[in-house]
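Trainee: One file is attached below, data07.tsv, containing TSV, C-alpha atoms and all ligand atoms.
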```tsv
chain	number	residue	atom	x	y	z
G	1	MET	CA	24.05	-4.90	-6.47
G	2	LEU	CA	20.98	-4.99	-8.72
G	3	ARG	CA	19.34	-8.34	-9.22
G	4	PRO	CA	16.59	-9.07	-11.74
G	5	LEU	CA	13.26	-10.33	-10.40
G	6	THR	CA	9.83	-10.96	-11.88
G	7	SER	CA	7.07	-10.93	-9.26
G	8	LYS	CA	3.43	-10.18	-8.75
G	9	SER	CA	3.26	-6.72	-7.23
G	10	LEU	CA	0.85	-4.16	-5.87
G	11	ILE	CA	1.43	-0.40	-5.97
G	12	LEU	CA	0.88	1.08	-2.49
G	13	TYR	CA	1.49	4.75	-3.25
G	14	ASN	CA	3.73	7.11	-5.22
G	15	ARG	CA	5.08	10.56	-4.57
G	16	ASN	CA	6.75	13.21	-6.68
G	17	PHE	CA	10.51	13.44	-6.57
G	18	ARG	CA	12.46	16.28	-8.16
G	19	GLU	CA	11.08	17.68	-11.46
G	20	ASP	CA	9.31	14.82	-13.16
G	21	ASP	CA	10.45	11.72	-11.30
G	22	LYS	CA	8.53	9.60	-8.83
G	23	LEU	CA	9.25	7.40	-5.84
G	24	VAL	CA	6.86	4.47	-5.84
G	25	LYS	CA	6.22	2.20	-2.87
G	26	ILE	CA	5.45	-1.32	-4.13
G	27	PHE	CA	4.53	-4.47	-2.25
G	28	THR	CA	6.06	-7.34	-4.22
G	29	GLU	CA	5.13	-10.92	-3.52
G	30	GLN	CA	8.69	-12.19	-3.57
G	31	ALA	CA	10.82	-9.29	-2.32
G	32	GLY	CA	8.51	-7.63	0.20
G	33	LYS	CA	7.67	-3.93	0.03
G	34	ARG	CA	10.26	-1.57	-1.35
G	35	MET	CA	10.77	1.90	-2.77
G	36	PHE	CA	11.24	2.19	-6.54
G	37	PHE	CA	12.56	5.09	-8.58
G	38	VAL	CA	10.80	5.99	-11.85
G	39	LYS	CA	12.54	8.59	-13.99
G	40	HIS	CA	10.41	11.03	-16.05
G	41	ALA	CA	7.31	9.30	-14.69
G	42	GLY	CA	4.88	11.50	-16.67
G	43	LYS	CA	6.28	10.41	-20.04
G	44	SER	CA	7.29	6.91	-18.99
G	45	LYS	CA	5.66	3.78	-20.39
G	46	LEU	CA	5.34	2.84	-16.72
G	47	ALA	CA	2.88	5.69	-16.03
G	48	PRO	CA	-0.29	3.53	-16.05
G	49	VAL	CA	1.20	0.85	-13.81
G	50	ILE	CA	2.54	3.03	-10.97
G	51	GLN	CA	-0.84	4.36	-9.82
G	52	PRO	CA	-1.83	3.39	-6.25
G	53	LEU	CA	-3.87	0.18	-5.99
G	54	THR	CA	-2.72	-1.28	-9.26
G	55	ALA	CA	-1.58	-4.89	-9.43
G	56	ALA	CA	0.75	-6.22	-12.09
G	57	GLU	CA	3.49	-8.67	-12.74
G	58	LEU	CA	6.62	-6.53	-12.74
G	59	LEU	CA	10.02	-7.21	-14.19
G	60	MET	CA	12.31	-5.40	-11.78
G	61	LYS	CA	15.87	-4.66	-10.82
G	62	ILE	CA	15.96	-5.11	-7.06
G	63	ASN	CA	18.51	-3.12	-5.08
G	64	ASP	CA	19.01	-4.35	-1.53
G	65	ASP	CA	20.92	-1.21	-0.54
G	66	GLY	CA	18.72	1.51	-2.02
G	67	LEU	CA	16.09	2.33	-4.62
G	68	SER	CA	14.94	-0.40	-6.98
G	69	TYR	CA	13.79	-0.07	-10.60
G	70	ILE	CA	10.96	-1.31	-12.81
G	71	GLU	CA	12.02	-2.60	-16.22
G	72	ASP	CA	8.74	-3.79	-17.66
G	73	TYR	CA	5.29	-5.06	-16.73
G	74	GLN	CA	2.45	-7.34	-17.78
G	75	ALA	CA	-0.93	-8.61	-16.56
G	76	VAL	CA	-2.11	-5.28	-15.15
G	77	GLU	CA	-5.21	-5.21	-12.91
G	78	SER	CA	-6.23	-1.62	-12.23
G	79	TYR	CA	-9.30	-2.35	-10.04
G	80	GLY	CA	-11.69	-0.15	-11.96
G	81	GLN	CA	-14.73	-1.00	-9.82
G	82	ILE	CA	-12.88	0.01	-6.64
G	83	LYS	CA	-11.67	3.28	-8.14
G	84	GLY	CA	-15.12	4.13	-9.46
G	85	ASP	CA	-16.63	4.33	-5.96
G	86	LEU	CA	-15.38	6.80	-3.36
G	87	PHE	CA	-16.40	4.56	-0.46
G	88	VAL	CA	-14.82	1.38	-1.80
G	89	MET	CA	-11.69	3.32	-2.75
G	90	ALA	CA	-11.41	4.69	0.79
G	91	TYR	CA	-11.64	1.22	2.34
G	92	ALA	CA	-9.26	-0.33	-0.21
G	93	SER	CA	-6.71	2.42	0.48
G	94	TYR	CA	-7.03	1.75	4.19
G	95	VAL	CA	-6.40	-2.03	3.93
G	96	ALA	CA	-3.38	-1.34	1.70
G	97	ALA	CA	-2.04	1.18	4.25
G	98	LEU	CA	-2.66	-1.32	7.04
G	99	ALA	CA	-0.64	-3.97	5.16
G	100	ASP	CA	2.09	-1.40	4.54
G	101	THR	CA	2.27	-0.50	8.25
G	102	SER	CA	2.18	-4.08	9.50
G	103	ILE	CA	5.44	-5.30	7.97
G	104	GLN	CA	8.99	-4.01	7.59
G	105	ASP	CA	10.48	-3.02	4.24
G	106	ASN	CA	12.43	-5.59	2.22
G	107	HIS	CA	11.04	-8.66	4.00
G	108	PRO	CA	8.99	-11.00	1.79
G	109	ASP	CA	5.54	-11.92	3.13
G	110	PRO	CA	3.80	-13.87	0.33
G	111	ALA	CA	0.91	-14.88	2.62
G	112	LEU	CA	0.07	-11.26	3.42
G	113	PHE	CA	0.53	-10.32	-0.23
G	114	ALA	CA	-1.97	-13.00	-1.30
G	115	PHE	CA	-4.42	-11.97	1.42
G	116	LEU	CA	-4.27	-8.30	0.42
G	117	GLN	CA	-4.65	-9.10	-3.27
G	118	LYS	CA	-7.61	-11.41	-2.60
G	119	THR	CA	-9.28	-8.77	-0.43
G	120	LEU	CA	-8.92	-6.18	-3.20
G	121	ASP	CA	-10.15	-8.67	-5.83
G	122	LEU	CA	-13.31	-9.29	-3.78
G	123	MET	CA	-13.87	-5.56	-3.18
G	124	ASN	CA	-13.52	-5.08	-6.92
G	125	GLN	CA	-16.13	-7.80	-7.50
G	126	GLY	CA	-18.59	-5.85	-5.37
G	127	LEU	CA	-18.57	-7.88	-2.15
G	128	ASP	CA	-19.25	-5.98	1.07
G	129	TYR	CA	-16.17	-3.75	1.46
G	130	GLU	CA	-16.86	-2.97	5.13
G	131	VAL	CA	-17.01	-6.66	6.09
G	132	LEU	CA	-13.93	-7.43	3.96
G	133	THR	CA	-12.11	-4.59	5.75
G	134	ASN	CA	-13.15	-5.94	9.17
G	135	ILE	CA	-11.90	-9.43	8.26
G	136	PHE	CA	-8.63	-7.95	7.04
G	137	GLU	CA	-8.25	-5.93	10.26
G	138	ILE	CA	-8.89	-8.97	12.45
G	139	GLN	CA	-6.61	-11.35	10.55
G	140	ILE	CA	-3.73	-8.87	10.21
G	141	LEU	CA	-3.58	-8.35	14.01
G	142	THR	CA	-1.03	-11.19	14.21
G	143	ARG	CA	1.36	-9.12	12.05
G	144	PHE	CA	1.24	-6.48	14.80
G	145	GLY	CA	2.04	-9.19	17.36
G	146	VAL	CA	-1.52	-9.29	18.70
G	147	SER	CA	-3.26	-12.63	19.24
G	148	LEU	CA	-6.82	-12.50	20.59
G	149	ASN	CA	-9.09	-15.41	21.44
G	150	PHE	CA	-12.77	-14.96	20.59
G	151	HIS	CA	-13.35	-18.69	20.63
G	152	ASP	CA	-13.51	-19.87	24.24
G	153	CYS	CA	-13.87	-18.43	27.74
G	154	VAL	CA	-10.50	-17.45	29.23
G	155	PHE	CA	-11.51	-19.12	32.53
G	156	CYS	CA	-13.39	-22.32	31.67
G	157	HIS	CA	-12.59	-22.67	27.92
G	158	ARG	CA	-16.16	-23.53	27.08
G	159	THR	CA	-17.24	-22.60	23.55
G	160	GLY	CA	-20.42	-21.57	21.80
G	161	LEU	CA	-21.76	-19.32	24.58
G	162	PRO	CA	-22.95	-15.68	24.53
G	163	PHE	CA	-19.48	-14.25	25.17
G	164	ASP	CA	-18.39	-10.78	26.19
G	165	PHE	CA	-14.89	-9.37	25.65
G	166	SER	CA	-12.56	-8.46	28.50
G	167	PHE	CA	-9.68	-6.07	27.82
G	168	GLN	CA	-8.33	-7.00	31.24
G	169	TYR	CA	-7.91	-10.64	30.18
G	170	GLY	CA	-7.47	-10.14	26.42
G	171	GLY	CA	-10.18	-12.65	25.60
G	172	VAL	CA	-13.82	-13.58	26.00
G	173	LEU	CA	-15.79	-14.38	29.16
G	174	CYS	CA	-18.76	-16.74	29.34
G	175	PRO	CA	-21.86	-15.69	31.32
G	176	GLU	CA	-20.62	-17.60	34.38
G	177	HIS	CA	-17.41	-15.60	34.36
G	178	TYR	CA	-18.72	-12.15	33.36
G	179	HIS	CA	-18.22	-11.13	36.99
G	180	LYS	CA	-14.42	-11.64	36.78
G	181	ASP	CA	-14.13	-8.29	35.00
G	182	ALA	CA	-16.18	-5.40	36.37
G	183	HIS	CA	-15.20	-3.41	33.25
G	184	ARG	CA	-16.13	-6.02	30.64
G	185	SER	CA	-17.18	-4.58	27.28
G	186	HIS	CA	-20.93	-5.37	27.45
G	187	LEU	CA	-20.91	-6.33	23.78
G	188	ASN	CA	-23.76	-7.75	21.81
G	189	PRO	CA	-22.72	-11.48	21.92
G	190	ASN	CA	-23.02	-11.57	18.13
G	191	ILE	CA	-19.91	-9.37	17.93
G	192	PRO	CA	-17.37	-11.80	19.48
G	193	PHE	CA	-19.15	-14.61	17.62
G	194	LEU	CA	-18.62	-12.85	14.28
G	195	LEU	CA	-15.02	-11.85	15.07
G	196	ASN	CA	-14.30	-15.51	15.84
G	197	GLN	CA	-15.70	-16.37	12.40
G	198	PHE	CA	-13.65	-13.57	10.80
G	199	GLN	CA	-10.41	-14.97	12.26
G	200	ALA	CA	-10.79	-18.20	10.33
G	201	VAL	CA	-13.03	-17.28	7.41
G	202	GLN	CA	-12.43	-18.86	4.03
G	203	PHE	CA	-12.76	-16.48	1.11
G	204	SER	CA	-15.12	-18.92	-0.57
G	205	GLU	CA	-17.61	-18.33	2.26
G	206	LEU	CA	-17.58	-14.57	1.92
G	207	GLU	CA	-20.22	-14.26	-0.72
G	208	THR	CA	-22.78	-15.52	1.75
G	209	ILE	CA	-21.84	-13.10	4.55
G	210	SER	CA	-24.21	-10.19	4.78
G	211	LEU	CA	-24.63	-8.13	7.92
G	212	LYS	CA	-27.16	-5.56	8.99
G	213	ALA	CA	-26.05	-1.93	9.22
G	214	ASP	CA	-26.55	-1.88	12.97
G	215	ILE	CA	-24.31	-4.92	13.53
G	216	LYS	CA	-21.70	-3.48	11.16
G	217	ARG	CA	-21.56	-0.28	13.23
G	218	GLN	CA	-21.08	-2.28	16.43
G	219	ILE	CA	-18.26	-4.29	14.82
G	220	ARG	CA	-16.65	-1.06	13.55
G	221	ASP	CA	-16.75	0.49	17.03
G	222	PHE	CA	-15.34	-2.59	18.71
G	223	ILE	CA	-12.50	-3.09	16.20
G	224	ASP	CA	-11.62	0.60	16.71
G	225	GLN	CA	-11.36	-0.13	20.44
G	226	LEU	CA	-9.16	-3.18	19.78
G	227	TYR	CA	-6.86	-1.14	17.56
G	228	ASP	CA	-6.64	1.70	20.09
G	229	GLU	CA	-5.80	-0.73	22.86
G	230	TYR	CA	-3.51	-3.23	21.12
G	231	VAL	CA	-2.10	-1.63	17.94
G	232	GLY	CA	-2.08	2.13	18.53
G	233	ILE	CA	-1.60	3.31	14.95
G	234	HIS	CA	-3.45	6.26	13.44
G	235	LEU	CA	-3.58	6.05	9.66
G	236	LYS	CA	-4.71	9.00	7.55
G	237	SER	CA	-6.74	6.62	5.39
G	238	LYS	CA	-8.64	5.43	8.49
G	239	LYS	CA	-9.38	9.02	9.55
G	240	PHE	CA	-10.77	9.57	6.06
G	241	ILE	CA	-13.11	6.58	6.45
G	242	ASP	CA	-14.25	7.97	9.82
G	243	SER	CA	-14.97	11.34	8.18
G	244	LEU	CA	-16.95	9.60	5.43
G	245	GLY	CA	-19.16	8.31	8.22
G	246	ASP	CA	-19.93	11.90	9.19
G	247	TRP	CA	-20.70	13.69	5.96
G	248	GLY	CA	-21.49	10.63	3.90
G	249	SER	CA	-24.10	9.05	6.13
G	250	ILE	CA	-27.00	9.80	3.81
G	251	LEU	CA	-25.23	8.30	0.82
G	252	GLN	CA	-24.05	5.43	2.97
G	253	ASP	CA	-27.54	4.53	4.16
G	254	LYS	CA	-28.68	4.45	0.58
G	255	HIS	CA	-25.80	2.10	-0.18
G	256	GLU	CA	-26.92	-0.20	2.59
G	257	GLU	CA	-30.55	-0.19	1.58
G	258	GLU	CA	-29.50	-1.44	-1.81
G	259	GLN	CA	-27.78	-4.44	-0.29
G	260	HIS	CA	-29.93	-7.38	0.67
G	261	GLU	CA	-30.01	-8.02	4.37
G	262	LYS	CA	-30.47	-11.70	4.05
G	263	ASN	CA	-29.01	-13.20	7.20
G	264	SER	CA	-30.19	-13.47	10.74
G	265	TYR	CA	-27.28	-12.14	12.85
P	1	ZN	ZN	-16.28	-19.32	31.59
```
Written as structure tokens, how would this file's structure read?
Mentor:
Amino acid sequence: MLRPLTSKSLILYNRNFREDDKLVKIFTEQAGKRMFFVKHAGKSKLAPVIQPLTAAELLMKINDDGLSYIEDYQAVESYGQIKGDLFVMAYASYVAALADTSIQDNHPDPALFAFLQKTLDLMNQGLDYEVLTNIFEIQILTRFGVSLNFHDCVFCHRTGLPFDFSFQYGGVLCPEHYHKDAHRSHLNPNIPFLLNQFQAVQFSELETISLKADIKRQIRDFIDQLYDEYVGIHLKSKKFIDSLGDWGSILQDKHEEEQHEKNSY
């Protein structure tokens, strides 16, 4: 049964199918993520709208038992600023892949859809794509069934202290309880403090968040540890970001110099 639906949508990826057709994975706000079939994709009027990381309002025929179809589209956002920068594009592809991995096909998740779209909008506006990615990674943990407390000590529940993270207890320890875990992470206390902020951050506050390169590297390393321990996925797009860190470090440092380091973390 095909049912008509108009919904905001985001193209996750496409792949060739037979001669000139394509299979397109699309995250729709109202019908979840699904696979669509586009016939003669090269010559189709749909060609511009089925590129990865393109948002649009799609008029669709949804098939709950197989491939769905796109009838028409409007209000296309192609994220030109993201696509014009290799680094931003790499991070945007990674957050989209993370969203894709975190939910099952055919199940609507309008909150995640809105969060992903907002993250891409802000990347496209030139906000710090590494920090946006970190916030996305921290907030999407709940979709993987992971709930971590960076807010209060797992033993005494006091807040606002120089915390360290304990993998043994899945939460933070205050200085009085550091000794409960001989293998605590020995983090810079700014890291759990920032991750606690990231869990609850409002997008309106993001324009004022600016972090030093050194702190960003520590956050990156720690979130990698969290993902290894609690999520255990290995996305190609994440490996690509890691490789950018290797050969792109000169470019990257230049990038960072150009950003104002205006806060005190
Ligand atoms: Zn404590």
Trainee: Need the shell around region 23-25 of chain G: protein/DNA/RNA residues with any atom at most 6 Å away, counting only C-alpha atoms. Skip same-chain ones fewer than 6 positions apart. Format as a ChimeraX atom specification?
Mentor: /G:12-15,34-37
Trainee: Produce as a list in words the set of residues near ligand ZN 1 (chain P), where near means within 12 Å with all atoms listed in the file considered.
Mentor: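 The residues within 12 Å of ligand ZN 1 (chain P), counting all atoms listed in the file, are His151, Asp152, Cys153, Val154, Phe155, Cys156, His157, Arg158, Thr159, Gly160, Leu161, Pro162, Phe163, Asp164, Phe165, Ser166, Gly171, Val172, Leu173, Cys174, Pro175, Glu176, His177, Tyr178, His179, Lys180 and Asp181 of chain G.
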Trainee: Give me the residues within 8 Å of Gln218 (chain G) as a count of residues only, counting all atoms listed in the file and dropping any in the same chain fewer than 4 places off.
Mentor: 3
Trainee: Could you tell me, as a list in words, which residues have any atom at most 9 Å from (17.5, -8.3, -0.8), counting all atoms listed in the file?
Mentor: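 Final list of nearby residues, as requested, is Arg3, Ala31, Ile62, Asn63, Asp64, Asp65, Asn106 and His107 of chain G.
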Trainee: Please report, as AutoDock Vina command-line options, the centre and edge lengths in Å to one decimal of an axis-aligned box covering all listed atoms of region 165-172 of chain G with 6 Å per side.
Mentor:
```
--center_x -11.2 --center_y -9.8 --center_z 28.4 --size_x 19.4 --size_y 19.5 --size_z 17.6
```
Trainee: Looking at G:Asn196, G:Thr142, G:Ser210, G:Thr119, which one is nearest to Tyr94 (chain G), with distances taken over only C-alpha atoms?
Mentor: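 Once distances to Tyr94 (chain G) are computed over only C-alpha atoms, the minimum belongs to G:Thr119.
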Trainee: Tell me which protein, DNA and RNA residues are within 8 Å of region 237-239 of chain G, counting all atoms listed in the file, leaving out same-chain ones fewer than 3 positions away, and put them as a compact mmCIF listing (two decimals) with C-alpha atoms, keeping the file's coordinate frame.
Mentor:
```
# COMPACT_ATOMS: atom_id res chain seq x y z
CA ALA G 90 -11.41 4.69 0.79
CA TYR G 91 -11.64 1.22 2.34
CA SER G 93 -6.71 2.42 0.48
CA TYR G 94 -7.03 1.75 4.19
CA ALA G 97 -2.04 1.18 4.25
CA HIS G 234 -3.45 6.26 13.44
CA ASP G 242 -14.25 7.97 9.82
CA SER G 243 -14.97 11.34 8.18
```
Trainee: Of the residues G:Ala75, G:Leu10, G:Leu235, G:Ile135, which is the one nearest to Thr101 (chain G), using only C-alpha atoms?
Mentor: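 Closest candidate: G:Leu235.
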Trainee: When you count all atoms listed in the file, which of these residues is closest to Ala41 (chain G): G:Arg217, G:Met60, G:Asp109, G:Asp20?
Mentor: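 Of G:Arg217, G:Met60, G:Asp109, G:Asp20, the one nearest Ala41 (chain G), counting all atoms listed in the file, is G:Asp20.
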Trainee: In Å to one decimal, how far is CA of Val95 (chain G) from CA of Lys61 (chain G)?
Mentor: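 We find that CA of Lys61 (chain G) and CA of Val95 (chain G) lie 26.8 Å from each other.
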Trainee: From the options G:Ile70, G:Leu46, G:Ile26, G:Ile103, which residue's atoms come nearest to Thr6 (chain G), counting all atoms listed in the file?
Mentor: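 Ranked by minimum distance to Thr6 (chain G), first place goes to G:Ile70.
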Trainee: Could you tell me how far CA of Glu77 (chain G) lies from CA of Ala200 (chain G), in Å and to one decimal?
Mentor: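 Here the two named atoms are 27.2 Å from each other.
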Trainee: Measuring between only C-alpha atoms, which one of G:Thr133, G:Asn124, G:Thr54, G:Ser204 shows the shortest distance to Val76 (chain G)?
Mentor: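 Using only C-alpha atoms, Val76 (chain G) sits closest to G:Thr54.
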Trainee: CA of Ala182 (chain G) and CA of Gln139 (chain G) are how many Å apart?
Mentor: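 These atoms are spaced 28.2 Å apart.
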Trainee: Counting all atoms listed in the file, figure out which residue out of G:Asn16, G:Gln81, G:Gln104, G:Gln74 gets nearest to Lys33 (chain G).
Mentor: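 Checking each of G:Asn16, G:Gln81, G:Gln104, G:Gln74 against Lys33 (chain G), counting all atoms listed in the file, the winner is G:Gln104.
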Trainee: Any idea what's packed within 9 Å of Val49 (chain G), counting all atoms listed in the file, ignoring anything in its chain fewer than 6 positions away? Could you give it as a PyMOL selection string?
Mentor: chain G and resi 11+55-56+73+76-78
Trainee: Go ahead and dump the residues you just picked, C-alpha atoms, as a CSV table (one decimal), in the coordinates of the input.
Mentor:
```csv
chain,number,residue,atom,x,y,z
G,11,ILE,CA,1.4,-0.4,-6.0
G,55,ALA,CA,-1.6,-4.9,-9.4
G,56,ALA,CA,0.8,-6.2,-12.1
G,73,TYR,CA,5.3,-5.1,-16.7
G,76,VAL,CA,-2.1,-5.3,-15.2
G,77,GLU,CA,-5.2,-5.2,-12.9
G,78,SER,CA,-6.2,-1.6,-12.2
```
Trainee: Anything within 7 Å of (-4.6, -7.5, 6.0): list those residues as a list in words, counting all atoms listed in the file and sticking to the file's coordinates.
Mentor: Val95, Leu98, Ala99, Leu112, Phe115, Leu116, Phe136, Glu137, Gln139 and Ile140 of chain G
Trainee: Please produce a file of those selected residues containing C-alpha atoms, as a PDB file, in the coordinates of the input.
Mentor:
```pdb
ATOM      1  CA  VAL G  95      -6.400  -2.030   3.930  1.00  0.00           C
ATOM      2  CA  LEU G  98      -2.660  -1.320   7.040  1.00  0.00           C
ATOM      3  CA  ALA G  99      -0.640  -3.970   5.160  1.00  0.00           C
ATOM      4  CA  LEU G 112       0.070 -11.260   3.420  1.00  0.00           C
ATOM      5  CA  PHE G 115      -4.420 -11.970   1.420  1.00  0.00           C
ATOM      6  CA  LEU G 116      -4.270  -8.300   0.420  1.00  0.00           C
ATOM      7  CA  PHE G 136      -8.630  -7.950   7.040  1.00  0.00           C
ATOM      8  CA  GLU G 137      -8.250  -5.930  10.260  1.00  0.00           C
ATOM      9  CA  GLN G 139      -6.610 -11.350  10.550  1.00  0.00           C
ATOM     10  CA  ILE G 140      -3.730  -8.870  10.210  1.00  0.00           C
TER      11      ILE G 140
END
```
Trainee: Kindly reconstruct region 230-247 of chain G with N, CA and C atoms and present the result as a compact mmCIF listing (two decimals), keeping the file's coordinate frame.
Mentor:
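Okay, this is what ended up in part04.txt:
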```
# COMPACT_ATOMS: atom_id res chain seq x y z
N TYR G 230 -4.58 -2.26 21.39
CA TYR G 230 -3.51 -3.23 21.12
C TYR G 230 -2.54 -2.81 20.02
N VAL G 231 -2.96 -1.95 19.09
CA VAL G 231 -2.10 -1.63 17.94
C VAL G 231 -1.60 -0.18 18.03
N GLY G 232 -2.50 0.75 18.30
CA GLY G 232 -2.08 2.13 18.53
C GLY G 232 -1.53 2.86 17.32
N ILE G 233 -2.02 2.54 16.13
CA ILE G 233 -1.60 3.31 14.95
C ILE G 233 -2.76 4.22 14.53
N HIS G 234 -2.43 5.32 13.89
CA HIS G 234 -3.45 6.26 13.44
C HIS G 234 -3.19 6.60 11.98
N LEU G 235 -3.83 5.88 11.10
CA LEU G 235 -3.58 6.05 9.66
C LEU G 235 -4.49 7.14 9.11
N LYS G 236 -3.92 7.94 8.21
CA LYS G 236 -4.71 9.00 7.55
C LYS G 236 -5.90 8.40 6.81
N SER G 237 -5.67 7.24 6.18
CA SER G 237 -6.74 6.62 5.39
C SER G 237 -7.90 6.16 6.29
N LYS G 238 -7.59 5.82 7.54
CA LYS G 238 -8.64 5.43 8.49
C LYS G 238 -9.42 6.67 8.94
N LYS G 239 -8.69 7.77 9.18
CA LYS G 239 -9.38 9.02 9.55
C LYS G 239 -10.34 9.44 8.44
N PHE G 240 -9.90 9.21 7.19
CA PHE G 240 -10.77 9.57 6.06
C PHE G 240 -12.05 8.74 6.08
N ILE G 241 -11.92 7.44 6.35
CA ILE G 241 -13.11 6.58 6.45
C ILE G 241 -14.04 7.09 7.56
N ASP G 242 -13.43 7.46 8.71
CA ASP G 242 -14.25 7.97 9.82
C ASP G 242 -14.98 9.24 9.40
N SER G 243 -14.31 10.09 8.61
CA SER G 243 -14.97 11.34 8.18
C SER G 243 -16.07 11.05 7.16
N LEU G 244 -15.88 10.00 6.36
CA LEU G 244 -16.95 9.60 5.43
C LEU G 244 -18.22 9.27 6.21
N GLY G 245 -18.03 8.65 7.37
CA GLY G 245 -19.16 8.31 8.22
C GLY G 245 -19.94 9.54 8.62
N ASP G 246 -19.24 10.67 8.79
CA ASP G 246 -19.93 11.90 9.19
C ASP G 246 -20.71 12.52 8.04
N TRP G 247 -19.98 12.94 7.00
CA TRP G 247 -20.70 13.69 5.96
C TRP G 247 -21.33 12.79 4.93
```
